[in-house]
file input-v8.pdb (PDB, C-alpha atoms, pLDDT in the B column)
ATOM      1  CA  MET F   1    -352.582   4.910-195.370  1.00 46.00           C
ATOM      2  CA  LYS F   2    -354.242   2.123-193.368  1.00 42.00           C
ATOM      3  CA  ASN F   3    -352.727  -0.497-195.719  1.00 40.00           C
ATOM      4  CA  LYS F   4    -349.226   0.945-195.130  1.00 37.00           C
ATOM      5  CA  ILE F   5    -349.644   0.716-191.350  1.00 32.00           C
ATOM      6  CA  VAL F   6    -350.888  -2.866-191.627  1.00 30.00           C
ATOM      7  CA  SER F   7    -347.917  -3.728-193.881  1.00 32.00           C
ATOM      8  CA  ILE F   8    -345.414  -2.156-191.467  1.00 31.00           C
ATOM      9  CA  VAL F   9    -346.924  -3.945-188.456  1.00 29.00           C
ATOM     10  CA  ALA F  10    -346.907  -7.248-190.384  1.00 30.00           C
ATOM     11  CA  ALA F  11    -343.265  -6.752-191.386  1.00 29.00           C
ATOM     12  CA  LEU F  12    -342.264  -5.988-187.785  1.00 29.00           C
ATOM     13  CA  LEU F  13    -344.142  -9.063-186.603  1.00 31.00           C
ATOM     14  CA  VAL F  14    -342.324 -11.275-189.133  1.00 30.00           C
ATOM     15  CA  VAL F  15    -338.930  -9.848-188.100  1.00 30.00           C
ATOM     16  CA  GLY F  16    -339.769 -10.330-184.415  1.00 33.00           C
ATOM     17  CA  LEU F  17    -340.870 -13.933-184.982  1.00 31.00           C
ATOM     18  CA  TYR F  18    -337.675 -14.615-186.927  1.00 34.00           C
ATOM     19  CA  PHE F  19    -335.510 -13.496-183.980  1.00 34.00           C
ATOM     20  CA  VAL F  20    -337.563 -15.535-181.504  1.00 34.00           C
ATOM     21  CA  TYR F  21    -337.262 -18.585-183.793  1.00 36.00           C
ATOM     22  CA  LYS F  22    -333.522 -18.072-184.308  1.00 37.00           C
ATOM     23  CA  ASN F  23    -332.845 -17.732-180.571  1.00 38.00           C
ATOM     24  CA  THR F  24    -334.822 -20.852-179.684  1.00 36.00           C
ATOM     25  CA  LYS F  25    -333.137 -22.920-182.420  1.00 36.00           C
ATOM     26  CA  THR F  26    -329.586 -22.047-181.279  1.00 34.00           C
ATOM     27  CA  LYS F  27    -330.234 -21.895-177.548  1.00 35.00           C
ATOM     28  CA  ASP F  28    -328.707 -25.301-176.657  1.00 37.00           C
ATOM     29  CA  VAL F  29    -325.909 -25.352-179.211  1.00 35.00           C
ATOM     30  CA  ASN F  30    -322.375 -24.537-178.137  1.00 36.00           C
ATOM     31  CA  VAL F  31    -322.987 -22.112-175.285  1.00 37.00           C
ATOM     32  CA  VAL F  32    -320.867 -21.663-172.200  1.00 40.00           C
ATOM     33  CA  VAL F  33    -321.785 -24.206-169.563  1.00 44.00           C
ATOM     34  CA  THR F  34    -322.093 -22.546-166.179  1.00 50.00           C
ATOM     35  CA  GLU F  35    -323.206 -23.580-162.706  1.00 48.00           C
ATOM     36  CA  GLU F  36    -326.492 -21.812-163.451  1.00 52.00           C
ATOM     37  CA  GLU F  37    -327.050 -23.889-166.609  1.00 52.00           C
ATOM     38  CA  ILE F  38    -326.421 -27.108-164.690  1.00 47.00           C
ATOM     39  CA  GLU F  39    -328.818 -25.986-161.958  1.00 49.00           C
ATOM     40  CA  LYS F  40    -331.502 -25.323-164.602  1.00 49.00           C
ATOM     41  CA  GLU F  41    -331.139 -28.934-165.728  1.00 48.00           C
ATOM     42  CA  SER F  42    -331.376 -30.249-162.145  1.00 48.00           C
ATOM     43  CA  PRO F  43    -334.306 -32.443-161.163  1.00 49.00           C
ATOM     44  CA  GLU F  44    -337.396 -30.611-159.954  1.00 53.00           C
ATOM     45  CA  ASP F  45    -337.829 -33.048-157.061  1.00 50.00           C
ATOM     46  CA  GLY F  46    -334.926 -31.367-155.258  1.00 51.00           C
ATOM     47  CA  SER F  47    -332.652 -34.419-155.351  1.00 55.00           C
ATOM     48  CA  ASP F  48    -328.943 -33.817-155.710  1.00 64.00           C
ATOM     49  CA  VAL F  49    -327.234 -34.051-159.064  1.00 74.00           C
ATOM     50  CA  LEU F  50    -323.637 -35.221-159.098  1.00 84.00           C
ATOM     51  CA  VAL F  51    -321.602 -32.889-161.299  1.00 93.00           C
ATOM     52  CA  GLU F  52    -318.300 -34.429-162.315  1.00 96.00           C
ATOM     53  CA  GLU F  53    -315.397 -32.326-163.550  1.00 97.00           C
ATOM     54  CA  THR F  54    -312.114 -33.337-165.130  1.00 97.00           C
ATOM     55  CA  GLU F  55    -309.066 -31.599-166.519  1.00 98.00           C
ATOM     56  CA  MET F  56    -308.159 -32.075-170.149  1.00 98.00           C
ATOM     57  CA  LYS F  57    -304.536 -32.133-171.263  1.00 98.00           C
ATOM     58  CA  ALA F  58    -302.958 -31.451-174.645  1.00 98.00           C
ATOM     59  CA  VAL F  59    -302.001 -34.399-176.842  1.00 96.00           C
ATOM     60  CA  GLY F  60    -299.039 -34.733-179.227  1.00 92.00           C
ATOM     61  CA  ASP F  61    -297.727 -31.447-180.630  1.00 93.00           C
ATOM     62  CA  TYR F  62    -300.748 -29.454-179.414  1.00 96.00           C
ATOM     63  CA  SER F  63    -300.664 -27.122-176.423  1.00 97.00           C
ATOM     64  CA  GLY F  64    -303.368 -25.889-174.117  1.00 97.00           C
ATOM     65  CA  GLU F  65    -305.710 -27.258-171.513  1.00 98.00           C
ATOM     66  CA  GLY F  66    -309.369 -27.533-170.715  1.00 98.00           C
ATOM     67  CA  THR F  67    -312.038 -28.553-168.272  1.00 98.00           C
ATOM     68  CA  ALA F  68    -314.975 -30.851-168.945  1.00 98.00           C
ATOM     69  CA  THR F  69    -318.081 -31.376-166.831  1.00 98.00           C
ATOM     70  CA  ARG F  70    -320.946 -33.817-166.915  1.00 97.00           C
ATOM     71  CA  SER F  71    -324.043 -34.591-164.889  1.00 96.00           C
ATOM     72  CA  PHE F  72    -327.212 -36.634-165.130  1.00 94.00           C
ATOM     73  CA  GLY F  73    -330.374 -35.865-163.223  1.00 91.00           C
ATOM     74  CA  GLY F  74    -334.044 -35.349-163.804  1.00 89.00           C
ATOM     75  CA  GLY F  75    -333.790 -37.298-167.042  1.00 92.00           C
ATOM     76  CA  VAL F  76    -331.228 -34.924-168.584  1.00 95.00           C
ATOM     77  CA  PHE F  77    -327.539 -35.572-169.300  1.00 96.00           C
ATOM     78  CA  VAL F  78    -325.515 -32.333-169.416  1.00 97.00           C
ATOM     79  CA  HIS F  79    -321.926 -32.066-170.669  1.00 97.00           C
ATOM     80  CA  GLY F  80    -319.725 -29.027-171.127  1.00 98.00           C
ATOM     81  CA  VAL F  81    -316.193 -28.185-172.248  1.00 98.00           C
ATOM     82  CA  ARG F  82    -314.108 -25.034-171.722  1.00 98.00           C
ATOM     83  CA  ALA F  83    -310.716 -25.110-173.462  1.00 98.00           C
ATOM     84  CA  LYS F  84    -307.794 -22.711-173.683  1.00 98.00           C
ATOM     85  CA  ILE F  85    -306.262 -23.756-176.979  1.00 98.00           C
ATOM     86  CA  ASN F  86    -304.916 -22.006-180.057  1.00 97.00           C
ATOM     87  CA  ASP F  87    -307.233 -21.393-182.977  1.00 97.00           C
ATOM     88  CA  PRO F  88    -307.503 -24.418-185.271  1.00 97.00           C
ATOM     89  CA  SER F  89    -305.547 -24.518-188.518  1.00 95.00           C
ATOM     90  CA  GLU F  90    -307.121 -22.877-191.558  1.00 97.00           C
ATOM     91  CA  GLY F  91    -310.000 -24.985-192.869  1.00 98.00           C
ATOM     92  CA  LYS F  92    -310.339 -26.820-189.539  1.00 98.00           C
ATOM     93  CA  PHE F  93    -312.593 -26.682-186.459  1.00 98.00           C
ATOM     94  CA  TYR F  94    -312.719 -28.274-183.010  1.00 98.00           C
ATOM     95  CA  GLU F  95    -315.205 -31.026-182.154  1.00 98.00           C
ATOM     96  CA  GLY F  96    -316.066 -32.630-178.805  1.00 98.00           C
ATOM     97  CA  TRP F  97    -316.466 -36.370-178.211  1.00 98.00           C
ATOM     98  CA  LEU F  98    -317.437 -38.686-175.380  1.00 98.00           C
ATOM     99  CA  VAL F  99    -315.774 -42.106-175.476  1.00 98.00           C
ATOM    100  CA  LYS F 100    -316.465 -45.476-173.844  1.00 97.00           C
ATOM    101  CA  LYS F 101    -313.630 -48.021-174.014  1.00 94.00           C
ATOM    102  CA  GLU F 102    -315.287 -51.047-172.351  1.00 92.00           C
ATOM    103  CA  PRO F 103    -316.633 -53.570-173.200  1.00 93.00           C
ATOM    104  CA  SER F 104    -315.772 -52.288-176.683  1.00 94.00           C
ATOM    105  CA  LEU F 105    -314.815 -48.920-178.117  1.00 96.00           C
ATOM    106  CA  ASP F 106    -317.806 -46.623-178.658  1.00 97.00           C
ATOM    107  CA  PHE F 107    -317.974 -42.842-179.046  1.00 97.00           C
ATOM    108  CA  PHE F 108    -320.249 -40.024-180.114  1.00 97.00           C
ATOM    109  CA  SER F 109    -319.865 -36.401-181.105  1.00 98.00           C
ATOM    110  CA  THR F 110    -321.088 -33.682-178.773  1.00 98.00           C
ATOM    111  CA  GLY F 111    -320.731 -31.024-181.481  1.00 97.00           C
ATOM    112  CA  LYS F 112    -318.495 -28.164-182.550  1.00 98.00           C
ATOM    113  CA  LEU F 113    -316.702 -26.012-180.032  1.00 98.00           C
ATOM    114  CA  LYS F 114    -317.413 -22.309-180.350  1.00 98.00           C
ATOM    115  CA  LYS F 115    -314.942 -19.533-179.587  1.00 98.00           C
ATOM    116  CA  GLU F 116    -316.056 -17.342-176.669  1.00 97.00           C
ATOM    117  CA  GLY F 117    -313.448 -14.705-175.871  1.00 96.00           C
ATOM    118  CA  GLU F 118    -310.146 -16.493-175.349  1.00 95.00           C
ATOM    119  CA  GLU F 119    -311.686 -19.960-174.878  1.00 98.00           C
ATOM    120  CA  TYR F 120    -313.442 -22.594-176.926  1.00 98.00           C
ATOM    121  CA  VAL F 121    -316.657 -23.828-175.324  1.00 98.00           C
ATOM    122  CA  LEU F 122    -319.241 -26.531-175.869  1.00 98.00           C
ATOM    123  CA  PHE F 123    -322.584 -27.260-174.201  1.00 97.00           C
ATOM    124  CA  TYR F 124    -324.367 -30.539-174.866  1.00 98.00           C
ATOM    125  CA  SER F 125    -327.548 -31.933-173.339  1.00 97.00           C
ATOM    126  CA  ASN F 126    -329.592 -35.014-174.099  1.00 96.00           C
ATOM    127  CA  GLU F 127    -332.258 -37.155-172.457  1.00 95.00           C
ATOM    128  CA  GLU F 128    -330.044 -40.254-172.816  1.00 94.00           C
ATOM    129  CA  ASP F 129    -327.651 -40.810-169.924  1.00 94.00           C
ATOM    130  CA  GLY F 130    -324.076 -40.654-171.245  1.00 95.00           C
ATOM    131  CA  SER F 131    -322.456 -41.440-167.883  1.00 94.00           C
ATOM    132  CA  GLU F 132    -320.868 -44.677-169.110  1.00 95.00           C
ATOM    133  CA  TYR F 133    -318.754 -42.598-171.538  1.00 97.00           C
ATOM    134  CA  LYS F 134    -315.839 -41.847-169.220  1.00 97.00           C
ATOM    135  CA  GLU F 135    -313.363 -40.306-171.670  1.00 98.00           C
ATOM    136  CA  VAL F 136    -313.690 -36.822-173.159  1.00 98.00           C
ATOM    137  CA  VAL F 137    -311.783 -35.760-176.275  1.00 98.00           C
ATOM    138  CA  VAL F 138    -311.467 -32.621-178.375  1.00 98.00           C
ATOM    139  CA  THR F 139    -310.348 -33.179-181.967  1.00 98.00           C
ATOM    140  CA  GLU F 140    -309.314 -30.935-184.826  1.00 98.00           C
ATOM    141  CA  GLU F 141    -311.560 -31.702-187.805  1.00 98.00           C
ATOM    142  CA  THR F 142    -311.613 -30.803-191.500  1.00 98.00           C
ATOM    143  CA  GLU F 143    -314.239 -28.111-192.139  1.00 97.00           C
ATOM    144  CA  GLU F 144    -315.282 -29.410-195.565  1.00 96.00           C
ATOM    145  CA  LEU F 145    -316.039 -32.864-194.091  1.00 96.00           C
ATOM    146  CA  GLY F 146    -318.204 -31.329-191.355  1.00 95.00           C
ATOM    147  CA  LEU F 147    -319.627 -33.425-188.528  1.00 95.00           C
ATOM    148  CA  ASP F 148    -319.035 -36.771-190.249  1.00 95.00           C
ATOM    149  CA  ASN F 149    -318.827 -38.927-187.066  1.00 93.00           C
ATOM    150  CA  ASN F 150    -315.206 -39.726-187.912  1.00 96.00           C
ATOM    151  CA  PRO F 151    -312.817 -38.312-185.290  1.00 97.00           C
ATOM    152  CA  GLU F 152    -309.601 -36.915-186.709  1.00 97.00           C
ATOM    153  CA  THR F 153    -306.617 -35.505-184.768  1.00 97.00           C
ATOM    154  CA  HIS F 154    -306.825 -35.542-180.958  1.00 98.00           C
ATOM    155  CA  VAL F 155    -306.022 -32.162-179.395  1.00 98.00           C
ATOM    156  CA  LEU F 156    -307.159 -32.546-175.759  1.00 98.00           C
ATOM    157  CA  GLU F 157    -308.066 -35.613-173.688  1.00 98.00           C
ATOM    158  CA  GLY F 158    -309.383 -36.251-170.200  1.00 98.00           C
ATOM    159  CA  SER F 159    -311.114 -38.926-168.085  1.00 97.00           C
ATOM    160  CA  PHE F 160    -313.962 -38.730-165.599  1.00 94.00           C
TER     161      PHE F 160
END
call {"tool": "encode", "arguments": {"input": "input-v8.pdb", "output": "C-alpha coordinates"}}
result
Amino acid sequence: MKNKIVSIVAALLVVGLYFVYKNTKTKDVNVVVTEEEIEKESPEDGSDVLVEETEMKAVGDYSGEGTATRSFGGGVFVHGVRAKINDPSEGKFYEGWLVKKEPSLDFFSTGKLKKEGEEYVLFYSNEEDGSEYKEVVVTEETEELGLDNNPETHVLEGSF
(Lines of atoms letter the chains of each structure in order from A and count residues from 1; the text may use other names and numbers.)
(Lines give C-alpha, C1' and ligand atoms only; values in the text may rest on other atoms or scores of the structure.)
Protein backbone atom coordinates (compact mmCIF):
# COMPACT_ATOMS: atom_id res chain seq x y z
CA MET A 1 0.00 0.00 0.00
CA LYS A 2 2.80 2.42 0.90
CA ASN A 3 4.53 1.69 -2.44
CA LYS A 4 1.31 2.55 -4.33
CA ILE A 5 1.02 5.91 -2.54
CA VAL A 6 4.67 6.70 -3.27
CA SER A 7 4.14 5.76 -6.94
CA ILE A 8 1.03 7.95 -7.23
CA VAL A 9 2.75 10.93 -5.59
CA ALA A 10 5.79 10.46 -7.87
CA ALA A 11 3.55 10.30 -10.96
CA LEU A 12 1.70 13.47 -9.92
CA LEU A 13 5.02 15.21 -9.32
CA VAL A 14 6.28 14.25 -12.79
CA VAL A 15 3.05 15.48 -14.42
CA GLY A 16 3.21 18.74 -12.45
CA LEU A 17 6.85 19.32 -13.42
CA TYR A 18 6.00 18.64 -17.06
CA PHE A 19 3.34 21.39 -17.06
CA VAL A 20 5.67 23.85 -15.32
CA TYR A 21 8.40 23.04 -17.87
CA LYS A 22 6.01 23.33 -20.82
CA ASN A 23 4.66 26.70 -19.66
CA THR A 24 8.12 28.17 -19.12
CA LYS A 25 9.38 26.94 -22.51
CA THR A 26 6.49 28.52 -24.47
CA LYS A 27 6.03 31.62 -22.34
CA ASP A 28 7.78 34.09 -24.71
CA VAL A 29 6.75 32.53 -28.01
CA ASN A 30 3.93 34.07 -30.01
CA VAL A 31 1.77 35.54 -27.26
CA VAL A 32 -0.35 38.66 -27.47
CA VAL A 33 1.73 41.73 -26.79
CA THR A 34 -0.09 44.05 -24.40
CA GLU A 35 0.72 47.25 -22.55
CA GLU A 36 1.24 45.09 -19.46
CA GLU A 37 3.83 42.92 -21.24
CA ILE A 38 5.73 46.01 -22.39
CA GLU A 39 5.64 47.42 -18.86
CA LYS A 40 7.08 44.14 -17.52
CA GLU A 41 10.02 44.59 -19.89
CA SER A 42 10.55 48.22 -18.81
CA PRO A 43 13.77 49.18 -17.05
CA GLU A 44 13.76 48.79 -13.28
CA ASP A 45 15.44 52.18 -12.83
CA GLY A 46 12.13 53.89 -13.64
CA SER A 47 13.36 55.53 -16.85
CA ASP A 48 10.89 55.91 -19.67
CA VAL A 49 10.76 53.44 -22.52
CA LEU A 50 9.72 54.76 -25.91
CA VAL A 51 7.12 52.42 -27.39
CA GLU A 52 6.73 52.93 -31.12
CA GLU A 53 3.65 51.77 -33.00
CA THR A 54 2.95 51.56 -36.71
CA GLU A 55 0.11 50.44 -38.92
CA MET A 56 0.67 47.61 -41.36
CA LYS A 57 -1.08 47.55 -44.72
CA ALA A 58 -1.87 44.67 -47.06
CA VAL A 59 0.40 44.07 -50.05
CA GLY A 60 -0.52 42.81 -53.53
CA ASP A 61 -3.65 40.65 -53.69
CA TYR A 62 -3.82 40.23 -49.90
CA SER A 63 -6.32 42.03 -47.69
CA GLY A 64 -6.25 42.94 -44.04
CA GLU A 65 -4.34 45.19 -41.71
CA GLY A 66 -2.24 45.09 -38.60
CA THR A 67 -0.39 46.98 -35.93
CA ALA A 68 3.23 46.51 -34.90
CA THR A 69 4.98 47.81 -31.80
CA ARG A 70 8.56 47.93 -30.65
CA SER A 71 10.52 49.25 -27.70
CA PHE A 72 13.98 49.01 -26.19
CA GLY A 73 14.75 49.63 -22.55
CA GLY A 74 16.47 47.99 -19.65
CA GLY A 75 18.52 45.91 -22.06
CA VAL A 76 15.47 44.28 -23.67
CA PHE A 77 14.08 44.81 -27.18
CA VAL A 78 10.36 44.00 -27.39
CA HIS A 79 8.39 43.68 -30.64
CA GLY A 80 4.79 42.68 -31.22
CA VAL A 81 2.36 42.25 -34.11
CA ARG A 82 -1.45 42.05 -34.14
CA ALA A 83 -2.94 41.38 -37.59
CA LYS A 84 -6.46 41.01 -38.93
CA ILE A 85 -5.85 38.86 -41.97
CA ASN A 86 -7.43 35.79 -43.53
CA ASP A 87 -6.10 32.38 -42.62
CA PRO A 88 -3.07 31.41 -44.71
CA SER A 89 -3.46 29.04 -47.64
CA GLU A 90 -3.35 25.32 -46.92
CA GLY A 91 0.20 24.22 -46.11
CA LYS A 92 1.25 27.80 -45.29
CA PHE A 93 1.81 29.92 -42.17
CA TYR A 94 2.53 33.57 -41.35
CA GLU A 95 5.98 34.74 -40.25
CA GLY A 96 7.13 38.12 -38.90
CA TRP A 97 10.27 39.96 -40.01
CA LEU A 98 12.16 43.11 -39.10
CA VAL A 99 14.03 44.74 -41.99
CA LYS A 100 16.84 47.29 -42.27
CA LYS A 101 17.36 48.81 -45.73
CA GLU A 102 20.42 51.02 -45.08
CA PRO A 103 23.38 50.88 -45.48
CA SER A 104 22.51 47.50 -47.03
CA LEU A 105 19.52 45.20 -46.88
CA ASP A 106 19.41 43.09 -43.71
CA PHE A 107 16.51 41.28 -42.05
CA PHE A 108 15.69 38.69 -39.42
CA SER A 109 12.72 36.54 -38.52
CA THR A 110 10.75 37.28 -35.37
CA GLY A 111 8.91 33.95 -35.59
CA LYS A 112 5.55 32.48 -36.53
CA LEU A 113 2.34 34.36 -35.95
CA LYS A 114 -0.21 32.50 -33.86
CA LYS A 115 -3.98 32.76 -34.27
CA GLU A 116 -5.68 34.25 -31.20
CA GLY A 117 -9.42 34.62 -31.77
CA GLU A 118 -9.89 36.59 -34.97
CA GLU A 119 -6.32 37.93 -35.10
CA TYR A 120 -2.82 36.66 -35.73
CA VAL A 121 -0.34 37.75 -33.07
CA LEU A 122 3.38 37.63 -32.45
CA PHE A 123 5.52 38.55 -29.43
CA TYR A 124 9.29 38.75 -29.75
CA SER A 125 11.89 39.84 -27.22
CA ASN A 126 15.67 39.81 -27.29
CA GLU A 127 18.57 41.41 -25.45
CA GLU A 128 19.93 42.82 -28.74
CA ASP A 129 18.51 46.21 -29.69
CA GLY A 130 16.65 45.87 -33.00
CA SER A 131 15.76 49.57 -33.25
CA GLU A 132 17.74 50.10 -36.46
CA TYR A 133 15.34 47.68 -38.22
CA LYS A 134 12.68 50.20 -39.24
CA GLU A 135 10.52 48.05 -41.53
CA VAL A 136 8.15 45.33 -40.33
CA VAL A 137 6.82 42.63 -42.65
CA VAL A 138 4.49 39.65 -42.37
CA THR A 139 5.00 36.94 -44.99
CA GLU A 140 3.14 33.81 -45.99
CA GLU A 141 5.57 30.88 -45.78
CA THR A 142 5.56 27.23 -46.87
CA GLU A 143 4.95 24.99 -43.84
CA GLU A 144 7.22 22.16 -45.01
CA LEU A 145 10.17 24.59 -45.34
CA GLY A 146 9.61 25.90 -41.81
CA LEU A 147 11.57 28.86 -40.45
CA ASP A 148 14.28 28.74 -43.12
CA ASN A 149 15.31 32.44 -42.93
CA ASN A 150 14.11 32.90 -46.51
CA PRO A 151 11.15 35.30 -46.70
CA GLU A 152 8.50 34.32 -49.21
CA THR A 153 5.34 36.26 -50.15
CA HIS A 154 4.77 39.62 -48.43
CA VAL A 155 1.29 39.94 -46.91
CA LEU A 156 1.55 43.04 -44.68
CA GLU A 157 4.16 45.81 -44.47
CA GLY A 158 4.75 48.83 -42.27
CA SER A 159 7.48 51.29 -41.22
CA PHE A 160 8.43 52.72 -37.84
call {"tool": "residues_around", "arguments": {"input": "input-v8.pdb", "residues": "stretch 83-87 of chain F", "least_positions_apart": "5", "cutoff": "8 Å", "atoms": "all atoms listed in the file", "output": "MDAnalysis selection string"}}
result
chainID F and resid 63:67 118:121
call {"tool": "closest_residue", "arguments": {"input": "input-v8.pdb", "among": "F:Pro88, F:Asp148, F:Gly130, F:Ser159", "to": "F:Gly75", "atoms": "only C-alpha atoms"}}
result
F:Gly130
call {"tool": "closest_residue", "arguments": {"input": "input-v8.pdb", "among": "F:Ser125, F:Glu52, F:Glu102, F:Lys114", "to": "F:Arg82", "atoms": "all atoms listed in the file"}}
result
F:Lys114
call {"tool": "residues_around", "arguments": {"input": "input-v8.pdb", "residues": "F:Glu140", "least_positions_apart": "3", "cutoff": "7 Å", "atoms": "all atoms listed in the file", "output": "MDAnalysis selection string"}}
result
chainID F and resid 88 92:95 152:155
call {"tool": "residues_around", "arguments": {"input": "input-v8.pdb", "residues": "F:Glu53", "least_positions_apart": "4", "cutoff": "10 Å", "atoms": "only C-alpha atoms", "output": "list in words"}}
result
Thr67, Ala68, Thr69, Arg70, Ser71, His79, Gly80, Val81, Gly158, Ser159 and Phe160 of chain F
call {"tool": "atom_distance", "arguments": {"input": "input-v8.pdb", "atom1": "atom CA of F:Glu127", "atom2": "atom CA of F:Leu145"}}
result
27.4 Å
call {"tool": "resolve_selection", "arguments": {"input": "input-v8.pdb", "expression": "the PyMOL selection byres ((chain F and resi 99) around 7)", "output": "count of residues only"}}
result
11
call {"tool": "atom_distance", "arguments": {"input": "input-v8.pdb", "atom1": "atom CA of F:Glu157", "atom2": "atom CA of F:Ser131"}}
result
16.6 Å
